[in-house]
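Worksheet for the structure shown next.
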Amino acid sequence: MAKKRLDLTFPPRQSLKPVVYHLVKDFDIVPNIMRAQIQPEQEGRMLLEVTGGKEALADGIAFLESQGLTVREAASDICLDEERCVTCGLCTAVCRPKALTLSGEELVFDKDKCVYCEACVIACPRRAIALRF
Amino acid sequence: MAKTWEEINARIAAGNAVVLTAEEFAELAADEGLKKAAERVDVVTTGTFGPMCSSGVFLNFGHSDPPIKMGEITLNDVPASGGLAAVDTYLGITEPSLSRGVEYGGAHVVEDLIRGHAVRLKARGPGTDCYPRTEIDTWITLDDLNQAYFFNPRNAYQNYAVAVNSSDRTLYTYLGPLHPHLGNATYCSAGALSPLLNDPTYRTIGVGTRCFVAGAPGYVAWEGTQHNPNQERDEHGVPVKPAGTLAVIADLKQAQQEFFSAATMAGYGVSSFVGIGVPIPVLDEQIAETLALTDANIEATVFDYGVQRRARPALARVSYAQLRSGSIEIDGKQVPTGPISSLAVARRIATTLKSWVAERGFALTQPLEPLPQMGTQGVKPLEVRSEEAI
């Protein structure tokens with residue numbers, strides 16, 4: 001089994017198609033929607049964690065692309081402005097999945113644990129954290 | 001063997017004083033014993049860098065031509081006090097902007113001034129014979145000002161609350177967002193590096209003490225507001241709840257941007273991180289004992305901010321070592337912890353102050369007046385009552 005995080009862009013006329021249903025039904029993929037902005041007739045975005053066999057994932061991604069979606073592997077979506085950060089650690093206090101932690105004086109971000117909840121973005125007193133999505 | 005202030009200052013002046021940070025001193029005392037450490041070391045430096053709301057700056061703008069008696073003053077649209085002399089003002093760091101609210105407040109103006117940015121000054125005046133101008137709209141920089149100095153009524157809290165939230169909704173507090181059902185705990189102290197935790201009974205820190213304020217040399221001007229020496233203390237005399245505070249004064253023009261940072265606490269308002277450090281003379285073994293305390297020896301009290309009353313329930317007592325480990329136990333539940341005070345910058349402050357004393361001859365001053373001691377005035381509540389009830 002493999003796991004990937006996908007950053008999906010839905011074209012405006014595609015946002016009402018039940019693509020997640022097809023990932024489950026046709027490709028035996030386990031989807032976990034981590035973040036989504038979907039509006040009828042507008043371009044939509046979804047951060048989707050998918051778990052499944054390697055071949056199934058490749059087929060599932062090919063299916064998504066065949067439906068007109070743009071599929072990118074989600075990279076580091078949390079952006080830290082190191083000039084502004086004072087390493088107070090308040091972001092670590094609000095990060096429930098412990099994606100942000102302090103290791104001594106260092107702020108460490110483990111993107112695999114991040115669920116993109118934005119709690120750190122809201123809490124940061126220095127406005128040093130941004131979420132790219 | 002006890003040392004005097006004069007002996008220590010003579011060594012500082014000669015450039016041969018032995019100066020360590022509080023963390024380094026604790027390590028030395030653990031390795032070689034308290035007695036040897038106390039004999040060998042002359043000065044221990046401390047530091048803290050957390051949000052300190054009760055801060056602000058006095059500014060004197062100089063006179064325009066024709067001059068104006070300023071009232072309704074704003075700096076980058078943040079209101080400053082017009083209730084002083086014609087071109088003097090006090091800008092409190094928590095004051096929000098009229099147009100941008102808490103995203104830009106007094107602290108951000110101060111940060112902009114320290115960074116050398118131009119700030120827009122607008123003011124109105126009544127128009128008098130000696131101050132005929134009624135309006136002014138101009139730009140200033142820190143260099144343009146005659147005087148610009150911090151006067152922070154309450155900095156360097158001696159210990160602080162650990163905050164948790166037992167209610168069923170997220171609370172947005174000055175200690176950061178608190179998740180419901182004890183979902184997290186936040187704390188705000190440099191622990192073993194914090195100035196007043198190293199001298200818990202105010203033996204060496206008092207009115208007139210030279211110190212480090214936001215990267216500038218400054219002084220302890222008075223006891224800080226809400227100074228409360230009568231809090232519960234542990235066997236070392238260290239308070240386990242918020243206790244003493246310092247009012248400090250320092251030249252804003254000498255402040256350094258890495259030691260002052262504006263802050264916006266979500267759902268609460270504007271504040272600022274202020275770097276404070278105090279050098280403490282190692283006069284004898286008694287002061288050495290508290291200087292050698294580590295985060296494992298210093299405890300704070302966990303308060304429930306879910307109870308929105310003046311007296312919040314105390315749920316537990318935990319050490320700073322436990323807090324820094326990432327979780328504490330409250331009523332059998334593991335609660336994740338996170339700081340809001342930067343240990344990294346606190347260490348830089350203690351190290352910078354160490355170099356000031358050891359290399360630049362930053363002399364120590366014996367307090368002119370002690371801070372209020374245990375048994376003196378504590379902190380009074382404000383009761384809501386009628387004039388007749390007094």
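Quick note on naming: the chains in the structure tokens go A, B, ... in the order shown, residues restart at 1 in each chain, and ligands are numbered from 1 in order of appearance.
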
Exercise for the section: Skip segment 40-44 of chain A itself and residues of its chain fewer than 4 positions away, then list as a list in words all residues within 6 Å of it, counting only C-alpha atoms. Expected result: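 Here the answer would be Thr9, Phe10, Pro11, Pro12 and Arg13 of chain A.
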
Give me the residues of chain A that have any atom at most 7 Å from an atom of chain B; for each, the nearest atom pair and the distance in Å, rounded to one decimal. Use only C-alpha atoms, sort by chain and number, and format it as a Markdown table.
| residue | atom | partner | partner_atom | distance |
| --- | --- | --- | --- | --- |
| A:Val86 | CA | B:Ser342 | CA | 6.7 |
| A:Thr87 | CA | B:Ser342 | CA | 5.6 |
| A:Cys88 | CA | B:Ser342 | CA | 3.9 |
| A:Gly89 | CA | B:Pro339 | CA | 5.2 |
| A:Leu90 | CA | B:Ile340 | CA | 4.8 |
| A:Thr92 | CA | B:Gly338 | CA | 5.6 |
| A:Ala93 | CA | B:Gly338 | CA | 3.9 |
| A:Val94 | CA | B:Pro177 | CA | 6.7 |
| A:Glu105 | CA | B:Ala344 | CA | 5.1 |
| A:Ile122 | CA | B:Ala266 | CA | 6.3 |
| A:Ala123 | CA | B:Ala266 | CA | 5.6 |
| A:Pro125 | CA | B:Thr264 | CA | 4.6 |
| A:Arg126 | CA | B:Ala263 | CA | 5.3 |

Preceding selection exported with N, CA, C and O atoms as a PDB file, in the first residue's frame:
ATOM      1  N   VAL A  86       9.967  34.538  15.216  1.00  0.00           N
ATOM      2  CA  VAL A  86      10.832  34.759  16.382  1.00  0.00           C
ATOM      3  C   VAL A  86      10.985  33.466  17.205  1.00  0.00           C
ATOM      4  O   VAL A  86      11.443  33.490  18.329  1.00  0.00           O
ATOM      5  N   THR A  87      10.578  32.352  16.625  1.00  0.00           N
ATOM      6  CA  THR A  87      10.676  31.028  17.268  1.00  0.00           C
ATOM      7  C   THR A  87      10.046  31.028  18.661  1.00  0.00           C
ATOM      8  O   THR A  87      10.606  30.454  19.596  1.00  0.00           O
ATOM      9  N   CYS A  88       8.863  31.650  18.766  1.00  0.00           N
ATOM     10  CA  CYS A  88       8.219  31.649  20.084  1.00  0.00           C
ATOM     11  C   CYS A  88       7.663  30.266  20.398  1.00  0.00           C
ATOM     12  O   CYS A  88       7.640  29.855  21.559  1.00  0.00           O
ATOM     13  N   GLY A  89       7.199  29.575  19.357  1.00  0.00           N
ATOM     14  CA  GLY A  89       6.695  28.217  19.564  1.00  0.00           C
ATOM     15  C   GLY A  89       5.190  28.127  19.701  1.00  0.00           C
ATOM     16  O   GLY A  89       4.653  27.031  19.894  1.00  0.00           O
ATOM     17  N   LEU A  90       4.491  29.279  19.592  1.00  0.00           N
ATOM     18  CA  LEU A  90       3.036  29.231  19.765  1.00  0.00           C
ATOM     19  C   LEU A  90       2.371  28.348  18.700  1.00  0.00           C
ATOM     20  O   LEU A  90       1.364  27.692  18.965  1.00  0.00           O
ATOM     21  N   THR A  92       3.436  25.596  17.643  1.00  0.00           N
ATOM     22  CA  THR A  92       3.519  24.190  18.087  1.00  0.00           C
ATOM     23  C   THR A  92       2.445  23.887  19.131  1.00  0.00           C
ATOM     24  O   THR A  92       2.021  22.754  19.282  1.00  0.00           O
ATOM     25  N   ALA A  93       2.016  24.942  19.844  1.00  0.00           N
ATOM     26  CA  ALA A  93       1.016  24.746  20.897  1.00  0.00           C
ATOM     27  C   ALA A  93      -0.379  24.505  20.339  1.00  0.00           C
ATOM     28  O   ALA A  93      -1.230  23.952  21.019  1.00  0.00           O
ATOM     29  N   VAL A  94      -0.625  24.939  19.096  1.00  0.00           N
ATOM     30  CA  VAL A  94      -1.974  24.795  18.530  1.00  0.00           C
ATOM     31  C   VAL A  94      -2.043  23.704  17.472  1.00  0.00           C
ATOM     32  O   VAL A  94      -3.107  23.417  16.939  1.00  0.00           O
ATOM     33  N   GLU A 105      15.970  24.794  19.967  1.00  0.00           N
ATOM     34  CA  GLU A 105      15.569  26.127  19.505  1.00  0.00           C
ATOM     35  C   GLU A 105      14.953  26.101  18.112  1.00  0.00           C
ATOM     36  O   GLU A 105      14.456  27.110  17.627  1.00  0.00           O
ATOM     37  N   ILE A 122      -3.401  31.095  11.920  1.00  0.00           N
ATOM     38  CA  ILE A 122      -4.217  32.006  12.734  1.00  0.00           C
ATOM     39  C   ILE A 122      -3.482  32.395  14.010  1.00  0.00           C
ATOM     40  O   ILE A 122      -3.508  33.543  14.440  1.00  0.00           O
ATOM     41  N   ALA A 123      -2.808  31.438  14.611  1.00  0.00           N
ATOM     42  CA  ALA A 123      -2.199  31.689  15.931  1.00  0.00           C
ATOM     43  C   ALA A 123      -0.913  32.502  15.850  1.00  0.00           C
ATOM     44  O   ALA A 123      -0.603  33.234  16.783  1.00  0.00           O
ATOM     45  N   PRO A 125       1.688  34.965  16.097  1.00  0.00           N
ATOM     46  CA  PRO A 125       1.588  36.391  16.434  1.00  0.00           C
ATOM     47  C   PRO A 125       2.376  37.275  15.482  1.00  0.00           C
ATOM     48  O   PRO A 125       2.172  38.482  15.447  1.00  0.00           O
ATOM     49  N   ARG A 126       3.295  36.663  14.722  1.00  0.00           N
ATOM     50  CA  ARG A 126       4.132  37.438  13.805  1.00  0.00           C
ATOM     51  C   ARG A 126       3.630  37.380  12.372  1.00  0.00           C
ATOM     52  O   ARG A 126       4.273  37.909  11.482  1.00  0.00           O
TER      53      ARG A 126
END

Practice task
Could you pull out the residues in segment 136-304 of chain B that DSSP calls helix (DSSP H, G or I) from the backbone, as number ranges by chain?
Solution key: B: 142-144, 191-193, 195-198, 252-254, 257-259, 285-291

Using the selection just defined, write its residues with C-alpha atoms as a CSV table (one decimal), in the first residue's frame.
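What ended up in again-v2.csv:
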chain,number,residue,atom,x,y,z
B,142,LEU,CA,13.3,57.7,14.8
B,143,ASP,CA,16.3,59.8,13.9
B,144,ASP,CA,14.1,62.9,13.7
B,191,GLY,CA,12.1,29.5,33.1
B,192,ALA,CA,15.7,29.1,34.4
B,193,LEU,CA,16.9,32.0,32.2
B,195,PRO,CA,15.6,37.5,35.4
B,196,LEU,CA,13.3,37.4,38.4
B,197,LEU,CA,13.4,33.6,38.8
B,198,ASN,CA,17.1,33.9,39.2
B,252,LEU,CA,14.4,53.5,21.8
B,253,LYS,CA,17.1,54.8,19.5
B,254,GLN,CA,19.5,52.2,20.7
B,257,GLN,CA,15.1,45.0,15.8
B,258,GLU,CA,16.0,41.3,16.7
B,259,PHE,CA,15.0,42.1,20.4
B,285,GLU,CA,26.4,31.1,47.9
B,286,GLN,CA,22.8,32.1,48.8
B,287,ILE,CA,22.3,34.0,45.5
B,288,ALA,CA,24.3,31.3,43.7
B,289,GLU,CA,21.8,28.7,44.9
B,290,THR,CA,18.9,30.3,43.0
B,291,LEU,CA,21.1,31.2,40.0

Exercise for the section: Would you kindly return, as number ranges by chain, each protein, DNA or RNA residue with an atom no farther than 7 Å from any atom of Ala221 of chain B, considering only C-alpha atoms and excluding same-chain residues fewer than 5 positions away? Expected result: B: 207-208, 247-249

Practice task
Name the residues of segment 165-380 of chain B that fall into strand (DSSP E) according to DSSP on the backbone, using the chain letters and numbers of this document, as an MDAnalysis selection string.
Solution key: chainID B and resid 171:173 176:178 185:187 206:207 210:213 216:223 246:251 260:265 269:277 279:281 299:304 314:319 327:330 333:339 369:370

Exercise for the section: Skip Val78 of chain B itself and residues of its chain fewer than 3 positions away, then list as a list in words all residues within 8 Å of it, counting only C-alpha atoms. Expected result: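 Close residues of Val78 of chain B: Thr74, Leu75, Glu95, Pro96, Ser97, Leu98, Gly105, Gly106 and Val109 of chain B.
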
Handout entry: Shell of 8 Å around Ile61 of chain A, only C-alpha atoms, local chain residues under 4 positions omitted, as number ranges by chain
Key = A: 57, 65, 71

Write the selection just made, keeping N, CA and C atoms, as a compact mmCIF listing (two decimals), in the first residue's frame?
# COMPACT_ATOMS: atom_id res chain seq x y z
N LEU A 57 -3.15 3.51 -7.55
CA LEU A 57 -2.97 4.95 -7.42
C LEU A 57 -2.64 5.58 -8.77
N GLU A 65 -7.08 12.80 -14.19
CA GLU A 65 -6.61 13.67 -15.27
C GLU A 65 -7.51 13.54 -16.49
N VAL A 71 -3.68 17.47 -11.57
CA VAL A 71 -3.25 16.74 -10.38
C VAL A 71 -1.76 17.01 -10.13

Problem - Option closest in space to Glu135 of chain B, from B:Glu72, B:Asp168, B:Glu383, B:Asp234 [counting only C-alpha atoms] - result: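 Ranked by minimum distance to Glu135 of chain B, first place goes to B:Glu72.
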
Practice task
Could you check which of B:Val87, B:Thr170, B:Glu32, B:Asn230 is closest to Gly375 of chain B, using only C-alpha atoms?
Solution key: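 Nearest candidate to Gly375 of chain B out of B:Val87, B:Thr170, B:Glu32, B:Asn230: B:Asn230.
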
Exercise for the section: Using only C-alpha atoms, determine which residues lie at most 9 Å from Gly47 of chain B, disregarding the query and same-chain residues fewer than 3 positions distant; provide the list as JSON, numbers by chain. Expected result: {"B": [21, 22, 156, 190, 193, 194, 195, 212, 275, 276, 277, 278, 279, 343, 345, 346, 347, 348, 349, 350, 351, 353]}

Practice task
Fewer than 5 positions away in the same chain doesn't count, so skip those; otherwise give me all residues within 6 Å of segment 78-83 of chain A, counting only C-alpha atoms, as an NGL selection string.
Solution key: :A and (128-131)

Practice task
Name the closest residue to Glu27 of chain B among the candidates B:Leu371, B:Leu293, B:Ala314, B:Val335; distances are taken between atoms, counting only C-alpha atoms.
Solution key: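 Closest to Glu27 of chain B, using only C-alpha atoms: B:Leu293.
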
Exercise for the section: Just give me the gap between atom CA of Ala58 of chain A and atom CA of Gln37 of chain A in Å, one decimal is fine. Expected result: 24.1 Å

Exercise for the section: Find, counting only C-alpha atoms, the residue in B:Gln256, B:Ala300, B:Gly15, B:Thr352 that gets nearest to Val162 of chain B. Expected result: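 Selected residue with least distance to Val162 of chain B: B:Ala300.
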
Handout entry: Distance in Å - atom CA of Asp304 of chain B versus atom CA of Thr101 of chain A
Key =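 Calculated distance between atom CA of Asp304 of chain B and atom CA of Thr101 of chain A is 23.7 Å.
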
Practice task
Give the answer as one residue: which of B:Arg203, B:Ala243, B:Ala292, B:Pro180 has the shortest atom-to-atom distance to Arg96 of chain A, using only C-alpha atoms?
Solution key: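 Once distances to Arg96 of chain A are computed over only C-alpha atoms, the minimum belongs to B:Pro180.
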
Problem - Distance of atom CA of Arg312 of chain B from atom CA of Leu182 of chain B, expressed in Å to one decimal place - result: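 That distance, rounded to one decimal, is 14.3 Å.
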